[in-house]
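**Q** Below is the file upload06.txt, which contains compact mmCIF, C-alpha atoms.
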# COMPACT_ATOMS: atom_id res chain seq x y z
CA MET A 1 0.00 0.00 0.00
CA THR A 2 1.55 3.28 -1.06
CA ASP A 3 0.74 6.84 -0.24
CA ALA A 4 -1.17 7.05 -3.50
CA SER A 5 -3.97 4.94 -2.00
CA TYR A 6 -6.31 5.08 0.95
CA PRO A 7 -5.84 2.29 3.49
CA VAL A 8 -8.05 -0.79 3.11
CA ARG A 9 -10.35 -1.20 6.08
CA PRO A 10 -13.24 -3.51 6.93
CA GLU A 11 -15.81 -0.73 6.44
CA THR A 12 -14.49 -0.02 2.95
CA THR A 13 -14.21 -3.63 1.82
CA PRO A 14 -17.35 -4.60 -0.08
CA THR A 15 -18.93 -7.99 0.28
CA ARG A 16 -19.38 -8.44 -3.46
CA HIS A 17 -17.43 -7.60 -6.62
CA ARG A 18 -14.20 -6.81 -4.80
CA GLU A 19 -12.44 -6.57 -8.16
CA ARG A 20 -14.39 -3.39 -8.82
CA VAL A 21 -13.05 -1.57 -5.78
CA SER A 22 -10.23 0.94 -5.78
CA TYR A 23 -8.54 2.97 -3.09
CA ASP A 24 -6.58 5.16 -5.50
CA ARG A 25 -6.58 8.73 -4.25
CA ALA A 26 -6.48 10.36 -7.68
CA ALA A 27 -9.40 8.25 -8.92
CA VAL A 28 -11.42 9.01 -5.78
CA HIS A 29 -10.69 12.73 -6.09
CA ALA A 30 -11.83 12.75 -9.72
CA VAL A 31 -15.21 11.26 -8.78
CA LEU A 32 -15.71 13.60 -5.84
CA ASP A 33 -14.81 16.60 -7.99
CA GLU A 34 -17.10 15.61 -10.86
CA ALA A 35 -20.14 14.98 -8.69
CA LEU A 36 -22.43 17.93 -8.07
CA LEU A 37 -23.77 16.60 -4.82
CA CYS A 38 -23.42 13.84 -2.30
CA HIS A 39 -25.78 12.00 0.01
CA VAL A 40 -24.90 12.24 3.68
CA GLY A 41 -26.09 9.63 6.13
CA PHE A 42 -26.16 10.03 9.87
CA VAL A 43 -27.93 8.46 12.81
CA MET A 44 -30.57 10.40 14.70
CA ASP A 45 -32.37 8.81 17.64
CA GLY A 46 -31.00 5.47 16.50
CA LEU A 47 -32.49 5.77 13.02
CA PRO A 48 -30.76 6.46 9.70
CA VAL A 49 -31.24 9.80 7.92
CA VAL A 50 -29.95 10.51 4.40
CA LEU A 51 -29.87 14.05 2.99
CA PRO A 52 -28.46 15.53 -0.20
CA GLN A 53 -25.69 18.04 0.43
CA LEU A 54 -23.21 20.00 -1.62
CA HIS A 55 -19.58 19.11 -1.14
CA ALA A 56 -16.22 20.59 -2.01
CA ARG A 57 -12.95 18.71 -1.78
CA VAL A 58 -9.91 20.60 -0.59
CA GLY A 59 -6.95 18.26 -0.67
CA GLU A 60 -7.84 15.35 1.58
CA ARG A 61 -10.75 17.11 3.23
CA LEU A 62 -14.41 17.34 2.26
CA TYR A 63 -16.53 20.34 3.18
CA LEU A 64 -20.29 19.74 3.30
CA HIS A 65 -23.14 22.17 3.19
CA GLY A 66 -26.83 22.10 2.49
CA SER A 67 -29.80 24.00 3.79
CA SER A 68 -31.79 20.81 3.91
CA GLY A 69 -31.22 19.19 7.24
CA ALA A 70 -28.48 21.57 8.29
CA ARG A 71 -30.10 21.98 11.66
CA ALA A 72 -30.64 18.24 12.03
CA LEU A 73 -27.02 17.55 11.23
CA ARG A 74 -25.90 20.27 13.59
CA ALA A 75 -28.12 18.99 16.39
CA ALA A 76 -26.87 15.48 15.87
CA GLY A 77 -23.30 16.78 15.90
CA ASP A 78 -23.84 18.76 19.07
CA ALA A 79 -25.24 15.71 20.81
CA GLY A 80 -22.01 13.79 20.54
CA ASP A 81 -18.62 14.85 21.75
CA GLY A 82 -16.25 16.05 19.07
CA GLY A 83 -18.34 15.36 16.03
CA ILE A 84 -20.91 13.14 14.40
CA PRO A 85 -20.27 9.87 12.55
CA ILE A 86 -21.43 10.26 8.97
CA CYS A 87 -21.25 8.36 5.71
CA VAL A 88 -20.87 10.41 2.54
CA THR A 89 -21.73 8.68 -0.71
CA VAL A 90 -21.28 10.10 -4.20
CA THR A 91 -22.61 8.24 -7.22
CA LEU A 92 -22.03 9.03 -10.89
CA VAL A 93 -24.11 7.01 -13.32
CA ASP A 94 -22.34 6.47 -16.62
CA GLY A 95 -24.62 4.06 -18.42
CA LEU A 96 -27.28 1.39 -18.33
CA VAL A 97 -25.93 -2.12 -18.84
CA LEU A 98 -28.47 -4.24 -20.66
CA ALA A 99 -27.68 -7.95 -20.64
CA ARG A 100 -29.52 -10.89 -22.18
CA SER A 101 -30.57 -12.04 -18.70
CA ALA A 102 -32.42 -9.90 -16.21
CA PHE A 103 -29.92 -11.07 -13.59
CA ASN A 104 -26.91 -9.59 -15.38
CA HIS A 105 -28.39 -6.16 -15.91
CA SER A 106 -26.30 -3.54 -14.23
CA ILE A 107 -25.36 0.12 -14.11
CA ASN A 108 -22.03 1.49 -15.24
CA SER A 109 -21.19 3.82 -12.43
CA ARG A 110 -18.53 5.21 -10.16
CA SER A 111 -19.36 5.60 -6.51
CA VAL A 112 -17.29 6.80 -3.60
CA VAL A 113 -18.15 6.02 0.00
CA VAL A 114 -16.48 7.95 2.82
CA HIS A 115 -16.89 7.03 6.47
CA GLY A 116 -15.76 9.31 9.23
CA VAL A 117 -16.57 11.72 11.99
CA ALA A 118 -17.65 15.12 10.74
CA ARG A 119 -16.55 18.18 12.61
CA ARG A 120 -18.50 21.42 12.54
CA VAL A 121 -16.41 24.25 11.14
CA THR A 122 -16.44 27.06 13.70
CA ASP A 123 -13.31 29.01 12.84
CA GLU A 124 -14.47 32.03 10.85
CA ALA A 125 -11.58 32.07 8.41
CA GLU A 126 -11.92 28.37 7.66
CA LYS A 127 -15.66 28.76 7.24
CA ARG A 128 -15.25 31.61 4.77
CA SER A 129 -12.70 29.67 2.82
CA ALA A 130 -14.88 26.53 2.82
CA LEU A 131 -17.90 28.48 1.53
CA THR A 132 -15.79 29.94 -1.27
CA CYS A 133 -14.72 26.41 -2.20
CA LEU A 134 -18.35 25.22 -2.07
CA VAL A 135 -19.49 27.98 -4.45
CA ASP A 136 -16.61 27.26 -6.81
CA ALA A 137 -17.18 23.51 -6.64
CA VAL A 138 -20.59 24.06 -8.22
CA VAL A 139 -19.55 26.76 -10.70
CA PRO A 140 -15.78 27.23 -11.00
CA GLY A 141 -14.89 30.91 -10.87
CA ARG A 142 -18.25 31.97 -9.45
CA SER A 143 -16.87 33.20 -6.11
CA ASP A 144 -15.15 36.14 -7.84
CA HIS A 145 -18.53 37.41 -9.04
CA VAL A 146 -20.66 37.42 -5.89
CA ARG A 147 -20.97 39.29 -2.64
CA GLY A 148 -19.28 37.25 0.07
CA PRO A 149 -21.12 36.26 3.26
CA SER A 150 -21.84 38.85 5.94
CA GLY A 151 -21.17 38.03 9.56
CA ARG A 152 -24.84 37.25 10.08
CA GLU A 153 -24.98 35.00 7.02
CA LEU A 154 -21.82 33.23 8.12
CA ALA A 155 -23.33 32.56 11.54
CA ALA A 156 -26.50 31.21 9.92
CA THR A 157 -24.58 28.69 7.80
CA THR A 158 -23.53 25.25 8.95
CA VAL A 159 -20.45 23.76 7.30
CA LEU A 160 -19.12 20.34 8.19
CA ALA A 161 -15.60 19.06 7.51
CA LEU A 162 -14.70 15.42 6.98
CA GLU A 163 -11.19 14.09 6.49
CA LEU A 164 -10.73 11.64 3.61
CA GLU A 165 -9.23 8.66 5.39
CA ASN A 166 -11.73 5.86 5.28
CA VAL A 167 -12.58 5.92 1.59
CA SER A 168 -13.36 3.52 -1.22
CA LEU A 169 -14.33 3.80 -4.87
CA LYS A 170 -16.38 1.24 -6.75
CA VAL A 171 -16.36 1.26 -10.54
CA ARG A 172 -18.41 -0.77 -12.98
CA SER A 173 -17.70 -0.16 -16.66
CA GLY A 174 -17.84 -1.83 -20.04
CA ASP A 175 -20.08 -4.36 -21.73
CA PRO A 176 -22.66 -6.57 -20.03
CA MET A 177 -21.28 -9.84 -18.64
CA ASP A 178 -23.65 -12.48 -19.91
CA GLU A 179 -23.57 -16.15 -19.04
CA GLU A 180 -21.92 -18.26 -21.76
CA GLU A 181 -25.17 -20.16 -22.35
CA ASP A 182 -27.12 -16.91 -22.83
CA LEU A 183 -24.98 -15.63 -25.71
CA THR A 184 -27.08 -17.39 -28.34
CA LEU A 185 -30.37 -15.94 -27.07
CA PRO A 186 -32.03 -13.64 -29.63
CA PHE A 187 -31.77 -10.59 -27.38
CA TRP A 188 -29.83 -7.39 -27.97
CA ALA A 189 -27.26 -6.53 -25.32
CA GLY A 190 -25.15 -3.48 -24.80
CA VAL A 191 -24.74 -0.24 -22.94
CA LEU A 192 -26.83 2.90 -23.10
CA PRO A 193 -24.41 5.68 -22.12
CA LEU A 194 -25.96 8.48 -20.08
CA THR A 195 -25.08 12.11 -20.52
CA ALA A 196 -25.32 15.18 -18.32
CA GLY A 197 -25.08 18.76 -19.41
CA ALA A 198 -26.54 22.21 -19.17
CA ALA A 199 -29.16 24.11 -21.15
CA PRO A 200 -28.65 27.82 -21.92
CA PRO A 201 -28.54 29.98 -18.77
CA GLU A 202 -31.77 31.73 -17.75
CA THR A 203 -31.13 35.27 -16.58
CA ALA A 204 -33.16 36.26 -13.50
CA ALA A 205 -36.09 38.60 -14.17
CA ASN A 206 -34.59 41.33 -12.00
CA VAL A 207 -31.17 41.54 -13.67
CA ALA A 208 -30.50 44.99 -15.08
CA GLU A 209 -29.98 45.40 -18.81
CA GLY A 210 -26.34 45.46 -19.76
CA ILE A 211 -25.34 42.70 -17.34
CA ASP A 212 -24.58 39.80 -19.64
CA VAL A 213 -24.21 36.12 -18.86
CA PRO A 214 -20.61 35.92 -17.66
CA GLU A 215 -17.92 33.67 -19.06
CA HIS A 216 -17.81 31.39 -15.98
CA VAL A 217 -21.50 30.60 -16.48
CA ARG A 218 -21.39 30.27 -20.26
CA ARG A 219 -18.46 27.85 -20.17
CA TRP A 220 -19.87 25.75 -17.31
CA ALA A 221 -19.56 22.02 -17.76
CA ARG A 222 -19.02 19.07 -15.48
CA PRO A 223 -15.54 17.57 -15.94
CA ALA A 224 -15.40 15.16 -18.86
CA ARG A 225 -15.57 11.49 -17.93
CA MET B 1 -55.22 16.12 5.10
CA THR B 2 -56.77 14.07 2.36
CA ASP B 3 -55.94 10.70 0.92
CA ALA B 4 -54.06 12.48 -1.85
CA SER B 5 -51.27 13.29 0.59
CA TYR B 6 -48.91 11.45 2.91
CA PRO B 7 -49.40 12.20 6.61
CA VAL B 8 -47.20 14.91 8.12
CA ARG B 9 -44.91 13.51 10.78
CA PRO B 10 -42.04 14.88 12.84
CA GLU B 11 -39.46 12.93 10.81
CA THR B 12 -40.76 14.40 7.58
CA THR B 13 -41.04 17.99 8.77
CA PRO B 14 -37.91 19.89 7.80
CA THR B 15 -36.31 22.41 10.11
CA ARG B 16 -35.86 24.97 7.34
CA HIS B 17 -37.79 26.16 4.26
CA ARG B 18 -41.04 24.46 5.26
CA GLU B 19 -42.77 26.22 2.39
CA ARG B 20 -40.80 24.03 0.01
CA VAL B 21 -42.17 20.78 1.40
CA SER B 22 -44.98 18.75 -0.09
CA TYR B 23 -46.67 15.53 0.89
CA ASP B 24 -48.63 15.17 -2.34
CA ARG B 25 -48.62 11.54 -3.43
CA ALA B 26 -48.69 12.23 -7.17
CA ALA B 27 -45.78 14.67 -6.93
CA VAL B 28 -43.78 12.20 -4.82
CA HIS B 29 -44.51 9.38 -7.26
CA ALA B 30 -43.34 11.49 -10.21
CA VAL B 31 -39.97 12.15 -8.56
CA LEU B 32 -39.47 8.53 -7.54
CA ASP B 33 -40.37 7.36 -11.04
CA GLU B 34 -38.07 9.84 -12.79
CA ALA B 35 -35.02 9.08 -10.64
CA LEU B 36 -32.75 6.32 -11.85
CA LEU B 37 -31.40 5.49 -8.44
CA CYS B 38 -31.77 6.24 -4.79
CA HIS B 39 -29.43 6.38 -1.83
CA VAL B 40 -30.33 4.03 0.99
CA GLY B 41 -29.13 4.70 4.52
CA PHE B 42 -29.09 2.18 7.32
CA VAL B 43 -27.34 1.72 10.62
CA MET B 44 -24.69 -0.95 11.01
CA ASP B 45 -22.93 -1.41 14.34
CA GLY B 46 -24.28 1.97 15.36
CA LEU B 47 -22.78 3.77 12.38
CA PRO B 48 -24.49 5.17 9.28
CA VAL B 49 -24.00 3.51 5.90
CA VAL B 50 -25.28 5.00 2.62
CA LEU B 51 -25.34 2.96 -0.59
CA PRO B 52 -26.73 3.64 -4.05
CA GLN B 53 -29.52 1.25 -5.03
CA LEU B 54 -31.99 0.86 -7.84
CA HIS B 55 -35.62 1.30 -6.95
CA ALA B 56 -38.98 0.62 -8.53
CA ARG B 57 -42.23 2.01 -7.27
CA VAL B 58 -45.29 -0.23 -7.41
CA GLY B 59 -48.25 1.72 -6.12
CA GLU B 60 -47.37 2.76 -2.58
CA ARG B 61 -44.46 0.36 -2.28
CA LEU B 62 -40.79 0.75 -3.19
CA TYR B 63 -38.67 -2.22 -4.18
CA LEU B 64 -34.93 -1.81 -3.72
CA HIS B 65 -32.07 -3.73 -5.23
CA GLY B 66 -28.38 -3.27 -5.74
CA SER B 67 -25.43 -5.58 -5.79
CA SER B 68 -23.46 -3.05 -3.82
CA GLY B 69 -24.01 -3.70 -0.17
CA ALA B 70 -26.75 -6.24 -0.71
CA ARG B 71 -25.14 -8.55 1.76
CA ALA B 72 -24.61 -5.76 4.28
CA LEU B 73 -28.25 -4.72 4.02
CA ARG B 74 -29.38 -8.32 4.33
CA ALA B 75 -27.18 -8.94 7.34
CA ALA B 76 -28.42 -5.78 8.99
CA GLY B 77 -31.98 -6.86 8.25
CA ASP B 78 -31.43 -10.34 9.65
CA ALA B 79 -30.04 -8.88 12.84
CA GLY B 80 -33.27 -7.16 13.75
CA ASP B 81 -36.67 -8.72 14.08
CA GLY B 82 -39.03 -8.11 11.23
CA GLY B 83 -36.94 -5.73 9.16
CA ILE B 84 -34.36 -3.00 9.14
CA PRO B 85 -34.99 0.74 9.56
CA ILE B 86 -33.82 2.53 6.44
CA CYS B 87 -33.99 5.97 4.91
CA VAL B 88 -34.35 6.18 1.14
CA THR B 89 -33.48 9.50 -0.47
CA VAL B 90 -33.91 10.39 -4.13
CA THR B 91 -32.57 13.68 -5.49
CA LEU B 92 -33.14 15.18 -8.93
CA VAL B 93 -31.05 18.23 -9.71
CA ASP B 94 -32.81 20.60 -12.07
CA GLY B 95 -30.52 23.61 -12.11
CA LEU B 96 -27.87 25.71 -10.45
CA VAL B 97 -29.22 28.84 -8.80
CA LEU B 98 -26.67 31.64 -9.04
CA ALA B 99 -27.47 34.63 -6.85
CA ARG B 100 -25.64 37.92 -6.33
CA SER B 101 -24.60 36.81 -2.86
CA ALA B 102 -22.75 33.60 -2.08
CA PHE B 103 -25.28 33.01 0.71
CA ASN B 104 -28.27 32.87 -1.61
CA HIS B 105 -26.77 30.40 -4.05
CA SER B 106 -28.89 27.30 -4.23
CA ILE B 107 -29.81 24.27 -6.29
CA ASN B 108 -33.13 23.83 -8.02
CA SER B 109 -33.99 20.29 -7.11
CA ARG B 110 -36.65 17.85 -6.12
CA SER B 111 -35.84 15.39 -3.37
CA VAL B 112 -37.92 12.71 -1.73
CA VAL B 113 -37.07 11.23 1.65
CA VAL B 114 -38.74 8.02 2.79
CA HIS B 115 -38.35 6.62 6.29
CA GLY B 116 -39.47 3.15 7.17
CA VAL B 117 -38.68 -0.42 8.01
CA ALA B 118 -37.61 -2.45 5.01
CA ARG B 119 -38.70 -6.02 4.74
CA ARG B 120 -36.73 -8.60 2.79
CA VAL B 121 -38.82 -10.07 -0.01
CA THR B 122 -38.80 -13.84 0.41
CA ASP B 123 -41.93 -14.92 -1.46
CA GLU B 124 -40.75 -16.20 -4.84
CA ALA B 125 -43.65 -14.81 -6.86
CA GLU B 126 -43.30 -11.36 -5.28
CA LYS B 127 -39.54 -11.43 -5.83
CA ARG B 128 -39.94 -12.30 -9.52
CA SER B 129 -42.50 -9.57 -9.96
CA ALA B 130 -40.32 -7.04 -8.11
CA LEU B 131 -37.30 -7.86 -10.29
CA THR B 132 -39.39 -7.39 -13.41
CA CYS B 133 -40.45 -3.99 -12.12
CA LEU B 134 -36.84 -3.11 -11.30
CA VAL B 135 -35.68 -3.95 -14.83
CA ASP B 136 -38.56 -1.98 -16.34
CA ALA B 137 -37.98 0.96 -14.00
CA VAL B 138 -34.56 1.44 -15.60
CA VAL B 139 -35.60 0.69 -19.19
CA PRO B 140 -39.36 0.49 -19.72
CA GLY B 141 -40.26 -2.57 -21.78
CA ARG B 142 -36.90 -4.26 -21.24
CA SER B 143 -38.28 -7.19 -19.25
CA ASP B 144 -39.98 -8.57 -22.37
CA HIS B 145 -36.60 -8.91 -24.08
CA VAL B 146 -34.49 -10.76 -21.54
CA ARG B 147 -34.19 -14.20 -20.00
CA GLY B 148 -35.89 -14.11 -16.61
CA PRO B 149 -34.07 -15.19 -13.44
CA SER B 150 -33.37 -18.87 -12.79
CA GLY B 151 -34.05 -20.32 -9.37
CA ARG B 152 -30.37 -19.99 -8.49
CA GLU B 153 -30.24 -16.38 -9.65
CA LEU B 154 -33.39 -15.59 -7.73
CA ALA B 155 -31.90 -17.05 -4.57
CA ALA B 156 -28.73 -15.00 -5.06
CA THR B 157 -30.65 -11.74 -5.32
CA THR B 158 -31.70 -9.62 -2.36
CA VAL B 159 -34.78 -7.43 -2.84
CA LEU B 160 -36.12 -5.18 -0.12
CA ALA B 161 -39.63 -3.73 0.07
CA LEU B 162 -40.52 -0.47 1.77
CA GLU B 163 -44.05 0.89 2.15
CA LEU B 164 -44.50 4.56 1.24
CA GLU B 165 -46.01 5.94 4.43
CA ASN B 166 -43.51 8.28 6.00
CA VAL B 167 -42.64 10.39 2.98
CA SER B 168 -41.86 13.98 2.11
CA LEU B 169 -40.88 15.91 -1.01
CA LYS B 170 -38.82 19.06 -1.03
CA VAL B 171 -38.83 21.26 -4.11
CA ARG B 172 -36.78 24.35 -4.90
CA SER B 173 -37.45 26.01 -8.25
CA GLY B 174 -37.30 29.34 -9.98
CA ASP B 175 -35.05 32.38 -9.86
CA PRO B 176 -32.49 33.17 -7.18
CA MET B 177 -33.88 34.99 -4.15
CA ASP B 178 -31.51 37.88 -3.62
CA GLU B 179 -31.61 40.35 -0.75
CA GLU B 180 -33.22 43.63 -1.73
CA GLU B 181 -29.99 45.54 -1.10
CA ASP B 182 -28.02 43.18 -3.37
CA LEU B 183 -30.13 43.84 -6.47
CA THR B 184 -28.02 46.79 -7.54
CA LEU B 185 -24.74 44.87 -7.35
CA PRO B 186 -23.08 44.51 -10.76
CA PHE B 187 -23.35 40.72 -10.74
CA TRP B 188 -25.28 38.49 -13.10
CA ALA B 189 -27.87 36.24 -11.47
CA GLY B 190 -29.97 33.45 -12.84
CA VAL B 191 -30.39 29.73 -13.23
CA LEU B 192 -28.29 27.30 -15.20
CA PRO B 193 -30.71 24.47 -16.04
CA LEU B 194 -29.17 21.00 -16.03
CA THR B 195 -30.05 18.31 -18.51
CA ALA B 196 -29.81 14.53 -18.52
CA GLY B 197 -30.04 12.28 -21.52
CA ALA B 198 -28.58 9.34 -23.35
CA ALA B 199 -25.94 8.97 -26.03
CA PRO B 200 -26.43 6.42 -28.85
CA PRO B 201 -26.57 2.81 -27.57
CA GLU B 202 -23.32 0.81 -27.75
CA THR B 203 -23.97 -2.75 -28.89
CA ALA B 204 -21.95 -5.35 -26.96
CA ALA B 205 -19.02 -6.87 -28.86
CA ASN B 206 -20.53 -10.36 -28.71
CA VAL B 207 -23.94 -9.53 -30.20
CA ALA B 208 -24.59 -11.52 -33.40
CA GLU B 209 -25.11 -9.67 -36.65
CA GLY B 210 -28.75 -9.15 -37.46
CA ILE B 211 -29.75 -8.32 -33.90
CA ASP B 212 -30.51 -4.62 -34.05
CA VAL B 213 -30.90 -2.10 -31.27
CA PRO B 214 -34.51 -2.64 -30.18
CA GLU B 215 -37.19 0.00 -30.01
CA HIS B 216 -37.31 0.03 -26.18
CA VAL B 217 -33.61 0.97 -26.11
CA ARG B 218 -33.72 3.47 -28.98
CA ARG B 219 -36.65 5.36 -27.49
CA TRP B 220 -35.26 5.38 -23.94
CA ALA B 221 -35.56 8.67 -22.10
CA ARG B 222 -36.12 9.72 -18.54
CA PRO B 223 -39.60 11.18 -18.02
CA ALA B 224 -39.76 14.85 -18.97
CA ARG B 225 -39.61 17.29 -16.08
Could the structure of this file be written out as structure tokens, please?

**A**
Amino acid sequence: MTDASYPVRPETTPTRHRERVSYDRAAVHAVLDEALLCHVGFVMDGLPVVLPQLHARVGERLYLHGSSGARALRAAGDAGDGGIPICVTVTLVDGLVLARSAFNHSINSRSVVVHGVARRVTDEAEKRSALTCLVDAVVPGRSDHVRGPSGRELAATTVLALELENVSLKVRSGDPMDEEEDLTLPFWAGVLPLTAGAAPPETAANVAEGIDVPEHVRRWARPAR
Amino acid sequence: MTDASYPVRPETTPTRHRERVSYDRAAVHAVLDEALLCHVGFVMDGLPVVLPQLHARVGERLYLHGSSGARALRAAGDAGDGGIPICVTVTLVDGLVLARSAFNHSINSRSVVVHGVARRVTDEAEKRSALTCLVDAVVPGRSDHVRGPSGRELAATTVLALELENVSLKVRSGDPMDEEEDLTLPFWAGVLPLTAGAAPPETAANVAEGIDVPEHVRRWARPAR
């Protein structure tokens, strides 16, 4: 195991299709950076809760933010000492894998699962920096073209930080894997690749004339696969 | 509260933006049916785990399936009596909401959160029917053009069922909501709508000549928004 990989741990060792799992840091980073949002799981009153959140990766740290459930996450975090155990999962769907058998149907996808204890960001400078990264994670370059948060806004925002230590990536790609005896069945098999993109920007009704769609919005695209 | 809506419960009442929440069954169904996958959270050894899974809605029931973590989910389910508490979250991202202030940036999205106790489907007829629905949820009509599961395959597949009872939908749409005093700032504001689609199907290398891409694959599209 080199520095280029995350350590292999029981929580990040899947029970099936182990050949599809990777701990390569660069590959994990690429998936985290491409994904627009993540799903964050935590335990509240003994029960699981999963909420969509925005994330931004800064080196080996993830910052998380989302209005939905911010208070719930914060409350759960305050209940424990030092942070709240969370699971952050990011899934990119690349294609539908259509086999000759129902059983061998699958999804070409890349998913990252991160386990760890999230800490609430309280330091003002770190919080400001994290929010800048969160804005730029969604639209690169956007933070140079907005008003930054006021003190009141900063106080009203919950940002969590999670270190990337307990991490795994699962990748499924390529053709369907049919059983040998199914290859002569009269069914088509293959992959339907899925695409994601953007439609032309819609300028808000209250934008003054003369303020054009800026370059950072016009050139927006998710990283190529 | 009429039959057309899910009951309002503490777990499905958000702490913020309550005006964005709906319990309308038809609206919830539309989001569940449009989404290709969900994220399922459960508790294992006291810690949260979130895994992507495929889902198919049949009336007021969700069937869940995914190779990833199937064994973990099953084990967690076997540990309890009668089922395992899970949280199923589905998120559709419709657009990036770019405001004049960093604080008012947002995502236009529709997300459904379902809480409940999942039951493992053991009845063979129900399992077969659920798997057919799962295949057709991904590609409508596909199940008529595949070999159905053998007894061995059926036994190797874990399907969970979750009743839609404790359900909420959160919707954010429309223009950015800027502060009054920010409207004169020289920044562009608006929405970048996101799109999802499919590229041309890629026929598997081992498909015999003469087997063309079938209609149900060529016409594939997610439901329009």

**Q** Which of these residues is nearest to chain A, using only C-alpha atoms: B:Val167, B:Gly210, B:Ala161, B:Ser101?

**A**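 Among B:Val167, B:Gly210, B:Ala161, B:Ser101, it is B:Ser101 that comes nearest to chain A.
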
**Q** Set the distance at 9 Å and use all atoms listed in the file: which residues neighbour Val58 (chain B) once local chain neighbours fewer than 5 positions away are removed? I'd like the list as number ranges by chain.

**A** B: 63, 130, 133

**Q** Go ahead and write the residues just picked, C-alpha atoms, as a PDB file, keeping the file's coordinate frame.

**A**
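This is the output file again17.pdb:
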ATOM      1  CA  TYR B  63     -38.670  -2.220  -4.180  1.00  0.00           C
ATOM      2  CA  ALA B 130     -40.320  -7.040  -8.110  1.00  0.00           C
ATOM      3  CA  CYS B 133     -40.450  -3.990 -12.120  1.00  0.00           C
TER       4      CYS B 133
END

**Q** Compare A:Arg142, A:Arg119, A:His55, A:His29 by their minimum atom-to-atom distance to chain B, counting only C-alpha atoms, and give me the closest one.

**A** A:Arg142

**Q** Give the answer as one residue: which of A:Arg110, A:Arg219, A:Arg147, A:His115 has the shortest atom-to-atom distance to chain B, using only C-alpha atoms?

**A** A:Arg147

**Q** For Arg16 (chain B), which of A:Thr157, A:Ala102, A:Asp178, A:Thr195 is the closest residue, counting only C-alpha atoms?

**A**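 Of A:Thr157, A:Ala102, A:Asp178, A:Thr195, the one nearest Arg16 (chain B), counting only C-alpha atoms, is A:Thr157.
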
**Q** As JSON, please report the centre and edge lengths, rounded to one decimal in Å, of the axis-aligned box that holds all listed atoms of region 1-20 of chain B with 4 Å of padding on each of the six sides.

**A**
{"center_x": -46.3, "center_y": 18.5, "center_z": 5.5, "size_x": 28.9, "size_y": 23.5, "size_z": 22.7}

**Q** Please indicate the distance in Å from CA of Thr158 (chain A) to CA of Arg128 (chain A), rounded to one decimal place.

**A**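 A separation of 11.2 Å between them.
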